[in-house]
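Since the structure comes first, as structure tokens, the remarks are kept for the end.
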Amino acid sequence: MTQVALLEASEAYTHVAVQGRLDAAGVEAVDFTLTSQIEARGKPTVIDLSGVDFIASLGIAMLVRIARDMRENGLRIAVVAANQPVRGVLEMMKMEPLFPVVGTRDEALRALGVP
Amino acid sequence: MSDPWVWRLESADGAPLRRASDALDALLAERGLSDASRFAARMISEEVVLNAFEHGKARTVVMELNPERRLSFVDDGSPFDPTAGPPSLSDARDADEVRLRIRGLQLVHRFALNLEYRRQDDRNHLTVVLPE
């Protein structure tokens with residue numbers, strides 16, 4: 001089962017984690033909650049996919065859409081992908097121009113310019 | 001009773017596709033295939049099946065695991081040869097749908113060792129070879 005958890009909601013940033021698979025079923029399960037949590041807070045956001053062991057095109061499309069929506073409001077996201085196959089897919093699909101893909105939360109905060 | 005290595009899908013809903021992918025993964029694990037091969041199988045099945053339903057407007061997709069790491073798909077959607085270069089996207093609803101379809105096809109090409117396509121009996125027949 002794919003789930004979302006809000007890990008941190010500070011004045012400076014939002015940190016959310018996704019657990020499970022970002023296949024069609026996983027995206028159906030988390031898209032609304034993930035998008036709402038991020039956009040309602042309106043802060044730079046770390047999306048932690050360390051607990052995700054699979055991502056396909058629908059999962060990538062969800063991240064792209066969130067990144068674009070945030071950018072329209074002058075905000076950015078950074079994605080933590082510690083799982084190597086998942087990180088490999090994001091690198092293969094050249095996501096870097098839209099959002100940085102890093103290995104840890106601290107790297108993500110640095111990429112977002114959050115002190 | 002149906003064969004355990006054949007899956008018949010009748011919609012793009014995520015839940016049945018995940019059940020089929022999980023069953024396929026279990027069979028591949030039983031046959032001793034590597035994690036990389038199993039990841040590739042999950043990726044290819046997800047992308048090929050969704051492409052057939054979402055873009056080809058298929059009513060049915062049959063996925064079958066064959067010997068020697070071959071995975072085949074037969075669907076009754078509009079003709080589409082994924083080995084023939086970029087797809088015709090004239091019927092796409094918007095730019096996001098175009099990007100989604102291209103991304104899905106790129107993933108299939110990246111994860112499959114080989115793709116063979118033929119159109120026969122008004123159906124698309126696609127066979128891919130999984131990596132070791």
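Naming scheme: A, B, ... for chains in displayed order of the structure tokens; residues 1 onward per chain; ligands 1 onward as shown.
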
**OP:** Would you please give, as a PyMOL selection string, all residues of chain B that DSSP assigns to strand (DSSP E or B) based on the backbone?
**Re:** chain B and resi 6-9+61-66+70-75+114-120+123-129

Residues of chain B within 9 Å of chain A, counting only C-alpha atoms, as a PDB file with N, CA, C and O atoms, in the first residue's frame:
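The file below, out.pdb, is the result:
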ATOM      1  N   ALA B  12      -7.731   0.132 -17.223  1.00  0.00           N
ATOM      2  CA  ALA B  12      -6.470   0.770 -16.823  1.00  0.00           C
ATOM      3  C   ALA B  12      -6.416   1.000 -15.320  1.00  0.00           C
ATOM      4  O   ALA B  12      -5.510   1.683 -14.837  1.00  0.00           O
ATOM      5  N   ASP B  13      -7.370   0.448 -14.575  1.00  0.00           N
ATOM      6  CA  ASP B  13      -7.346   0.643 -13.115  1.00  0.00           C
ATOM      7  C   ASP B  13      -6.039   0.122 -12.535  1.00  0.00           C
ATOM      8  O   ASP B  13      -5.549  -0.941 -12.934  1.00  0.00           O
ATOM      9  N   GLY B  14      -5.523   0.862 -11.569  1.00  0.00           N
ATOM     10  CA  GLY B  14      -4.234   0.489 -11.002  1.00  0.00           C
ATOM     11  C   GLY B  14      -4.247  -0.816 -10.217  1.00  0.00           C
ATOM     12  O   GLY B  14      -3.274  -1.577 -10.264  1.00  0.00           O
ATOM     13  N   ALA B  15      -5.335  -1.103  -9.503  1.00  0.00           N
ATOM     14  CA  ALA B  15      -5.330  -2.264  -8.605  1.00  0.00           C
ATOM     15  C   ALA B  15      -5.161  -3.596  -9.339  1.00  0.00           C
ATOM     16  O   ALA B  15      -4.302  -4.404  -8.965  1.00  0.00           O
ATOM     17  N   PRO B  16      -5.950  -3.885 -10.394  1.00  0.00           N
ATOM     18  CA  PRO B  16      -5.738  -5.161 -11.095  1.00  0.00           C
ATOM     19  C   PRO B  16      -4.363  -5.259 -11.737  1.00  0.00           C
ATOM     20  O   PRO B  16      -3.760  -6.335 -11.771  1.00  0.00           O
ATOM     21  N   LEU B  17      -3.874  -4.116 -12.242  1.00  0.00           N
ATOM     22  CA  LEU B  17      -2.541  -4.134 -12.855  1.00  0.00           C
ATOM     23  C   LEU B  17      -1.488  -4.439 -11.801  1.00  0.00           C
ATOM     24  O   LEU B  17      -0.559  -5.213 -12.042  1.00  0.00           O
ATOM     25  N   ARG B  18      -1.645  -3.873 -10.613  1.00  0.00           N
ATOM     26  CA  ARG B  18      -0.669  -4.168  -9.561  1.00  0.00           C
ATOM     27  C   ARG B  18      -0.747  -5.647  -9.156  1.00  0.00           C
ATOM     28  O   ARG B  18       0.282  -6.276  -8.939  1.00  0.00           O
ATOM     29  N   ALA B  36      17.152  -6.854 -10.817  1.00  0.00           N
ATOM     30  CA  ALA B  36      17.105  -5.929 -11.957  1.00  0.00           C
ATOM     31  C   ALA B  36      16.104  -6.411 -13.000  1.00  0.00           C
ATOM     32  O   ALA B  36      15.350  -5.620 -13.584  1.00  0.00           O
ATOM     33  N   PHE B  39      12.606  -5.784 -11.624  1.00  0.00           N
ATOM     34  CA  PHE B  39      12.268  -4.348 -11.694  1.00  0.00           C
ATOM     35  C   PHE B  39      11.891  -3.996 -13.140  1.00  0.00           C
ATOM     36  O   PHE B  39      10.894  -3.304 -13.391  1.00  0.00           O
ATOM     37  N   ARG B  42       8.401  -5.289 -14.015  1.00  0.00           N
ATOM     38  CA  ARG B  42       7.337  -4.459 -13.440  1.00  0.00           C
ATOM     39  C   ARG B  42       7.178  -3.166 -14.248  1.00  0.00           C
ATOM     40  O   ARG B  42       6.073  -2.717 -14.535  1.00  0.00           O
ATOM     41  N   MET B  43       8.311  -2.568 -14.619  1.00  0.00           N
ATOM     42  CA  MET B  43       8.269  -1.318 -15.385  1.00  0.00           C
ATOM     43  C   MET B  43       7.619  -1.544 -16.754  1.00  0.00           C
ATOM     44  O   MET B  43       6.722  -0.805 -17.164  1.00  0.00           O
ATOM     45  N   GLU B  46       3.816  -2.343 -16.549  1.00  0.00           N
ATOM     46  CA  GLU B  46       3.061  -1.132 -16.199  1.00  0.00           C
ATOM     47  C   GLU B  46       2.904  -0.217 -17.422  1.00  0.00           C
ATOM     48  O   GLU B  46       1.806   0.238 -17.745  1.00  0.00           O
ATOM     49  N   GLU B  47       4.014   0.042 -18.091  1.00  0.00           N
ATOM     50  CA  GLU B  47       3.974   1.019 -19.193  1.00  0.00           C
ATOM     51  C   GLU B  47       3.239   0.487 -20.422  1.00  0.00           C
ATOM     52  O   GLU B  47       2.459   1.211 -21.049  1.00  0.00           O
ATOM     53  N   LEU B  50      -0.681   0.192 -19.568  1.00  0.00           N
ATOM     54  CA  LEU B  50      -1.340   1.505 -19.477  1.00  0.00           C
ATOM     55  C   LEU B  50      -1.383   2.188 -20.846  1.00  0.00           C
ATOM     56  O   LEU B  50      -2.377   2.820 -21.194  1.00  0.00           O
ATOM     57  N   ASP B  96       0.792  17.444 -21.758  1.00  0.00           N
ATOM     58  CA  ASP B  96       1.146  16.531 -20.664  1.00  0.00           C
ATOM     59  C   ASP B  96       0.919  15.077 -21.076  1.00  0.00           C
ATOM     60  O   ASP B  96       1.690  14.197 -20.712  1.00  0.00           O
ATOM     61  N   ARG B  99       3.819  14.083 -23.260  1.00  0.00           N
ATOM     62  CA  ARG B  99       5.036  13.826 -22.472  1.00  0.00           C
ATOM     63  C   ARG B  99       4.931  12.496 -21.732  1.00  0.00           C
ATOM     64  O   ARG B  99       5.887  11.742 -21.658  1.00  0.00           O
ATOM     65  N   LEU B 100       3.752  12.226 -21.170  1.00  0.00           N
ATOM     66  CA  LEU B 100       3.551  10.999 -20.409  1.00  0.00           C
ATOM     67  C   LEU B 100       3.758   9.782 -21.304  1.00  0.00           C
ATOM     68  O   LEU B 100       4.423   8.821 -20.942  1.00  0.00           O
ATOM     69  N   ARG B 101       3.203   9.843 -22.504  1.00  0.00           N
ATOM     70  CA  ARG B 101       3.310   8.690 -23.398  1.00  0.00           C
ATOM     71  C   ARG B 101       4.752   8.478 -23.848  1.00  0.00           C
ATOM     72  O   ARG B 101       5.250   7.354 -23.878  1.00  0.00           O
ATOM     73  N   ARG B 103       7.455   9.416 -22.262  1.00  0.00           N
ATOM     74  CA  ARG B 103       8.229   8.958 -21.103  1.00  0.00           C
ATOM     75  C   ARG B 103       8.015   7.458 -20.875  1.00  0.00           C
ATOM     76  O   ARG B 103       8.957   6.711 -20.626  1.00  0.00           O
ATOM     77  N   GLY B 104       6.779   7.015 -20.979  1.00  0.00           N
ATOM     78  CA  GLY B 104       6.473   5.592 -20.793  1.00  0.00           C
ATOM     79  C   GLY B 104       7.185   4.729 -21.823  1.00  0.00           C
ATOM     80  O   GLY B 104       7.754   3.687 -21.491  1.00  0.00           O
ATOM     81  N   GLN B 106       9.890   5.529 -23.497  1.00  0.00           N
ATOM     82  CA  GLN B 106      11.339   5.579 -23.233  1.00  0.00           C
ATOM     83  C   GLN B 106      11.704   4.548 -22.165  1.00  0.00           C
ATOM     84  O   GLN B 106      12.721   3.863 -22.263  1.00  0.00           O
ATOM     85  N   LEU B 107      10.872   4.449 -21.145  1.00  0.00           N
ATOM     86  CA  LEU B 107      11.159   3.494 -20.066  1.00  0.00           C
ATOM     87  C   LEU B 107      11.118   2.063 -20.584  1.00  0.00           C
ATOM     88  O   LEU B 107      11.965   1.239 -20.223  1.00  0.00           O
ATOM     89  N   ARG B 110      14.288   1.472 -22.441  1.00  0.00           N
ATOM     90  CA  ARG B 110      15.465   1.407 -21.558  1.00  0.00           C
ATOM     91  C   ARG B 110      15.539   0.082 -20.802  1.00  0.00           C
ATOM     92  O   ARG B 110      16.626  -0.403 -20.514  1.00  0.00           O
TER      93      ARG B 110
END

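Nearest residue to His109 of chain B, choosing from B:Ala84, B:Ala26, B:Ala20, B:Leu65 and counting only C-alpha atoms: B:Ala84.
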
Original post:
Could you write out, as JSON, numbers by chain, all the residues of chain A that DSSP marks as helix (DSSP H, G or I)?
Top reply: {"A": [24, 25, 26, 27, 28, 29, 30, 31, 32, 33, 34, 35, 36, 37, 38, 39, 40, 41, 57, 58, 59, 60, 61, 62, 63, 64, 65, 66, 67, 68, 69, 70, 71, 72, 84, 85, 86, 87, 88, 89, 90, 91, 92, 105, 106, 107, 108, 109, 110, 111, 112]}

Subject >> Contacts of Met63 of chain B at 8 Å (only C-alpha atoms; same-chain gap of 5+ positions) as JSON, numbers by chain >> reply: {"B": [6, 7, 8, 9, 45, 71, 72, 73, 74]}

Would you save the residues of that selection, restricted to N, CA, C and O atoms, as a short mmCIF file (atom, residue, chain, number, x, y, z; two decimals), in the first residue's frame?
data_model
loop_
_atom_site.label_atom_id
_atom_site.label_comp_id
_atom_site.auth_asym_id
_atom_site.auth_seq_id
_atom_site.Cartn_x
_atom_site.Cartn_y
_atom_site.Cartn_z
N VAL B 6 -0.38 -16.31 -17.26
CA VAL B 6 -1.15 -15.50 -18.21
C VAL B 6 -2.10 -14.60 -17.42
O VAL B 6 -2.79 -15.08 -16.52
N TRP B 7 -2.10 -13.30 -17.75
CA TRP B 7 -2.97 -12.35 -17.04
C TRP B 7 -3.80 -11.61 -18.07
O TRP B 7 -3.26 -11.09 -19.06
N ARG B 8 -5.11 -11.55 -17.82
CA ARG B 8 -6.01 -10.84 -18.72
C ARG B 8 -6.50 -9.58 -17.99
O ARG B 8 -7.11 -9.67 -16.91
N LEU B 9 -6.22 -8.43 -18.56
CA LEU B 9 -6.59 -7.16 -17.92
C LEU B 9 -7.66 -6.47 -18.76
O LEU B 9 -7.58 -6.48 -19.99
N SER B 45 5.66 -3.99 -17.84
CA SER B 45 4.24 -4.36 -17.81
C SER B 45 3.38 -3.15 -17.49
O SER B 45 2.34 -2.92 -18.13
N LEU B 71 8.46 -11.79 -22.32
CA LEU B 71 7.17 -11.34 -21.79
C LEU B 71 6.38 -10.82 -23.00
O LEU B 71 6.88 -9.99 -23.75
N SER B 72 5.16 -11.35 -23.20
CA SER B 72 4.40 -10.91 -24.37
C SER B 72 3.09 -10.24 -23.97
O SER B 72 2.51 -10.54 -22.92
N PHE B 73 2.65 -9.32 -24.83
CA PHE B 73 1.43 -8.55 -24.61
C PHE B 73 0.61 -8.59 -25.90
O PHE B 73 1.16 -8.35 -26.98
N VAL B 74 -0.67 -8.87 -25.77
CA VAL B 74 -1.58 -8.81 -26.93
C VAL B 74 -2.74 -7.91 -26.53
O VAL B 74 -3.36 -8.14 -25.49
#

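Distance annotation: of A:Leu22, A:Leu112, A:Glu91, A:Val46, the residue with the minimal separation from Gly74 of chain A is A:Leu112; atom set is only C-alpha atoms.
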
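Here atom CA of Thr104 of chain A and atom CA of Gly42 of chain A stand 21.7 Å from one another.
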
Original post:
Near Leu63 of chain A, within 12 Å and counting only C-alpha atoms, which residues show up once chain neighbours fewer than 2 positions away are dropped, as a PyMOL selection string?
Top reply: (chain A and resi 18+22+27+30-31+34-35+38+45-49+55-61+65-70+76-80+90+95-96+98-101) or (chain B and resi 100)

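Using only C-alpha atoms, the residues found no farther than 10 Å from Pro115 of chain A, other than those of its own chain fewer than 3 positions away, are Ala12, Tyr13, Asp106, Leu109, Arg110 and Leu112 of chain A.
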
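Proximity of B:Pro79, B:Gly85, B:Asn51, B:Ala40 to Ala112 of chain B, computed with only C-alpha atoms, is greatest for B:Ala40.
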
Subject >> atom CA of Pro82 of chain B to atom CA of Arg19 of chain B, distance in Å rounded to a single decimal >> reply: 24.7 Å

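Every protein or nucleic acid residue with an atom no more than 12 Å from Asn124 of chain B, counting only C-alpha atoms and leaving out same-chain residues fewer than 4 positions away, appears here: Val48, Val49, Asn51, Ala52, Gly56, Lys57, Ala58, Thr60, Val61, Val62, Met63, Ser72, Phe73, Val74, Asp75, Asp76, Gly77, Ser78, Pro79, Phe80, Asp81, Pro82, Thr83, Glu116, Tyr117, Arg118, Arg119 and Gln120 of chain B.
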
Written selection (N, CA and C atoms) as a PDB file, in the first residue's frame:
ATOM      1  N   VAL B  48       3.480  -0.773 -20.759  1.00  0.00           N
ATOM      2  CA  VAL B  48       2.834  -1.324 -21.963  1.00  0.00           C
ATOM      3  C   VAL B  48       1.323  -1.432 -21.759  1.00  0.00           C
ATOM      4  N   VAL B  49       0.911  -1.923 -20.599  1.00  0.00           N
ATOM      5  CA  VAL B  49      -0.522  -2.116 -20.350  1.00  0.00           C
ATOM      6  C   VAL B  49      -1.241  -0.766 -20.294  1.00  0.00           C
ATOM      7  N   ASN B  51      -0.313   2.047 -21.611  1.00  0.00           N
ATOM      8  CA  ASN B  51      -0.287   2.645 -22.944  1.00  0.00           C
ATOM      9  C   ASN B  51      -1.407   2.064 -23.820  1.00  0.00           C
ATOM     10  N   ALA B  52      -1.583   0.752 -23.744  1.00  0.00           N
ATOM     11  CA  ALA B  52      -2.612   0.110 -24.573  1.00  0.00           C
ATOM     12  C   ALA B  52      -4.012   0.604 -24.197  1.00  0.00           C
ATOM     13  N   GLY B  56      -4.188   3.534 -26.703  1.00  0.00           N
ATOM     14  CA  GLY B  56      -4.665   2.668 -27.779  1.00  0.00           C
ATOM     15  C   GLY B  56      -6.146   2.360 -27.656  1.00  0.00           C
ATOM     16  N   LYS B  57      -6.753   2.757 -26.507  1.00  0.00           N
ATOM     17  CA  LYS B  57      -8.179   2.502 -26.252  1.00  0.00           C
ATOM     18  C   LYS B  57      -8.519   1.010 -26.346  1.00  0.00           C
ATOM     19  N   ALA B  58      -7.577   0.181 -25.897  1.00  0.00           N
ATOM     20  CA  ALA B  58      -7.818  -1.264 -25.884  1.00  0.00           C
ATOM     21  C   ALA B  58      -8.918  -1.601 -24.879  1.00  0.00           C
ATOM     22  N   THR B  60      -9.035  -5.020 -23.926  1.00  0.00           N
ATOM     23  CA  THR B  60      -8.413  -6.143 -23.238  1.00  0.00           C
ATOM     24  C   THR B  60      -6.913  -6.176 -23.546  1.00  0.00           C
ATOM     25  N   VAL B  61      -6.134  -6.450 -22.532  1.00  0.00           N
ATOM     26  CA  VAL B  61      -4.698  -6.703 -22.732  1.00  0.00           C
ATOM     27  C   VAL B  61      -4.380  -8.037 -22.061  1.00  0.00           C
ATOM     28  N   VAL B  62      -3.744  -8.922 -22.809  1.00  0.00           N
ATOM     29  CA  VAL B  62      -3.325 -10.209 -22.241  1.00  0.00           C
ATOM     30  C   VAL B  62      -1.809 -10.188 -22.132  1.00  0.00           C
ATOM     31  N   MET B  63      -1.323 -10.434 -20.934  1.00  0.00           N
ATOM     32  CA  MET B  63       0.122 -10.454 -20.684  1.00  0.00           C
ATOM     33  C   MET B  63       0.510 -11.895 -20.355  1.00  0.00           C
ATOM     34  N   SER B  72       5.155 -11.350 -23.197  1.00  0.00           N
ATOM     35  CA  SER B  72       4.400 -10.909 -24.369  1.00  0.00           C
ATOM     36  C   SER B  72       3.093 -10.236 -23.974  1.00  0.00           C
ATOM     37  N   PHE B  73       2.655  -9.322 -24.834  1.00  0.00           N
ATOM     38  CA  PHE B  73       1.428  -8.552 -24.610  1.00  0.00           C
ATOM     39  C   PHE B  73       0.611  -8.586 -25.905  1.00  0.00           C
ATOM     40  N   VAL B  74      -0.670  -8.874 -25.771  1.00  0.00           N
ATOM     41  CA  VAL B  74      -1.577  -8.815 -26.926  1.00  0.00           C
ATOM     42  C   VAL B  74      -2.739  -7.911 -26.532  1.00  0.00           C
ATOM     43  N   ASP B  75      -3.006  -6.896 -27.363  1.00  0.00           N
ATOM     44  CA  ASP B  75      -4.135  -6.013 -27.042  1.00  0.00           C
ATOM     45  C   ASP B  75      -4.947  -5.732 -28.292  1.00  0.00           C
ATOM     46  N   ASP B  76      -6.224  -5.370 -28.066  1.00  0.00           N
ATOM     47  CA  ASP B  76      -7.137  -5.120 -29.187  1.00  0.00           C
ATOM     48  C   ASP B  76      -7.328  -3.621 -29.430  1.00  0.00           C
ATOM     49  N   GLY B  77      -6.339  -2.833 -29.060  1.00  0.00           N
ATOM     50  CA  GLY B  77      -6.411  -1.387 -29.278  1.00  0.00           C
ATOM     51  C   GLY B  77      -5.994  -0.997 -30.688  1.00  0.00           C
ATOM     52  N   SER B  78      -5.902   0.312 -30.926  1.00  0.00           N
ATOM     53  CA  SER B  78      -5.516   0.790 -32.256  1.00  0.00           C
ATOM     54  C   SER B  78      -4.079   0.377 -32.556  1.00  0.00           C
ATOM     55  N   PRO B  79      -3.750   0.227 -33.847  1.00  0.00           N
ATOM     56  CA  PRO B  79      -2.398  -0.230 -34.193  1.00  0.00           C
ATOM     57  C   PRO B  79      -1.329   0.691 -33.632  1.00  0.00           C
ATOM     58  N   PHE B  80      -0.354   0.091 -32.988  1.00  0.00           N
ATOM     59  CA  PHE B  80       0.757   0.892 -32.465  1.00  0.00           C
ATOM     60  C   PHE B  80       2.009   0.028 -32.354  1.00  0.00           C
ATOM     61  N   ASP B  81       3.043   0.444 -33.103  1.00  0.00           N
ATOM     62  CA  ASP B  81       4.304  -0.290 -33.109  1.00  0.00           C
ATOM     63  C   ASP B  81       5.344   0.498 -32.302  1.00  0.00           C
ATOM     64  N   PRO B  82       5.649   0.063 -31.090  1.00  0.00           N
ATOM     65  CA  PRO B  82       6.602   0.826 -30.264  1.00  0.00           C
ATOM     66  C   PRO B  82       8.045   0.705 -30.743  1.00  0.00           C
ATOM     67  N   THR B  83       8.281  -0.183 -31.717  1.00  0.00           N
ATOM     68  CA  THR B  83       9.649  -0.325 -32.236  1.00  0.00           C
ATOM     69  C   THR B  83       9.888   0.632 -33.413  1.00  0.00           C
ATOM     70  N   GLU B 116       9.903  -6.987 -30.023  1.00  0.00           N
ATOM     71  CA  GLU B 116       9.433  -7.456 -31.339  1.00  0.00           C
ATOM     72  C   GLU B 116       7.948  -7.147 -31.420  1.00  0.00           C
ATOM     73  N   TYR B 117       7.549  -6.581 -32.567  1.00  0.00           N
ATOM     74  CA  TYR B 117       6.135  -6.192 -32.718  1.00  0.00           C
ATOM     75  C   TYR B 117       5.572  -6.759 -34.005  1.00  0.00           C
ATOM     76  N   ARG B 118       4.309  -7.165 -33.955  1.00  0.00           N
ATOM     77  CA  ARG B 118       3.575  -7.448 -35.187  1.00  0.00           C
ATOM     78  C   ARG B 118       2.099  -7.136 -34.959  1.00  0.00           C
ATOM     79  N   ARG B 119       1.420  -6.774 -36.043  1.00  0.00           N
ATOM     80  CA  ARG B 119      -0.027  -6.559 -35.996  1.00  0.00           C
ATOM     81  C   ARG B 119      -0.651  -7.776 -36.660  1.00  0.00           C
ATOM     82  N   GLN B 120      -1.501  -8.458 -35.931  1.00  0.00           N
ATOM     83  CA  GLN B 120      -2.090  -9.690 -36.470  1.00  0.00           C
ATOM     84  C   GLN B 120      -3.502  -9.837 -35.915  1.00  0.00           C
TER      85      GLN B 120
END

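Summary of the local environment: counting only C-alpha atoms, residues at most 8 Å from Trp5 of chain B, other than itself and those fewer than 2 positions away along its chain, are Asp3, Trp7, Leu24, Leu27, Glu64, Leu65 and Asn66 of chain B.
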
Output of the above residues as a compact mmCIF listing (two decimals), in the first residue's frame, restricted to C-alpha atoms:
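The new file result12.txt reads:
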# COMPACT_ATOMS: atom_id res chain seq x y z
CA ASP B 3 -2.64 -20.52 -16.43
CA TRP B 7 -2.97 -12.35 -17.04
CA LEU B 24 4.46 -11.82 -12.35
CA LEU B 27 6.87 -16.08 -10.71
CA GLU B 64 2.00 -13.75 -20.72
CA LEU B 65 5.33 -14.84 -19.30
CA ASN B 66 7.09 -17.18 -21.70
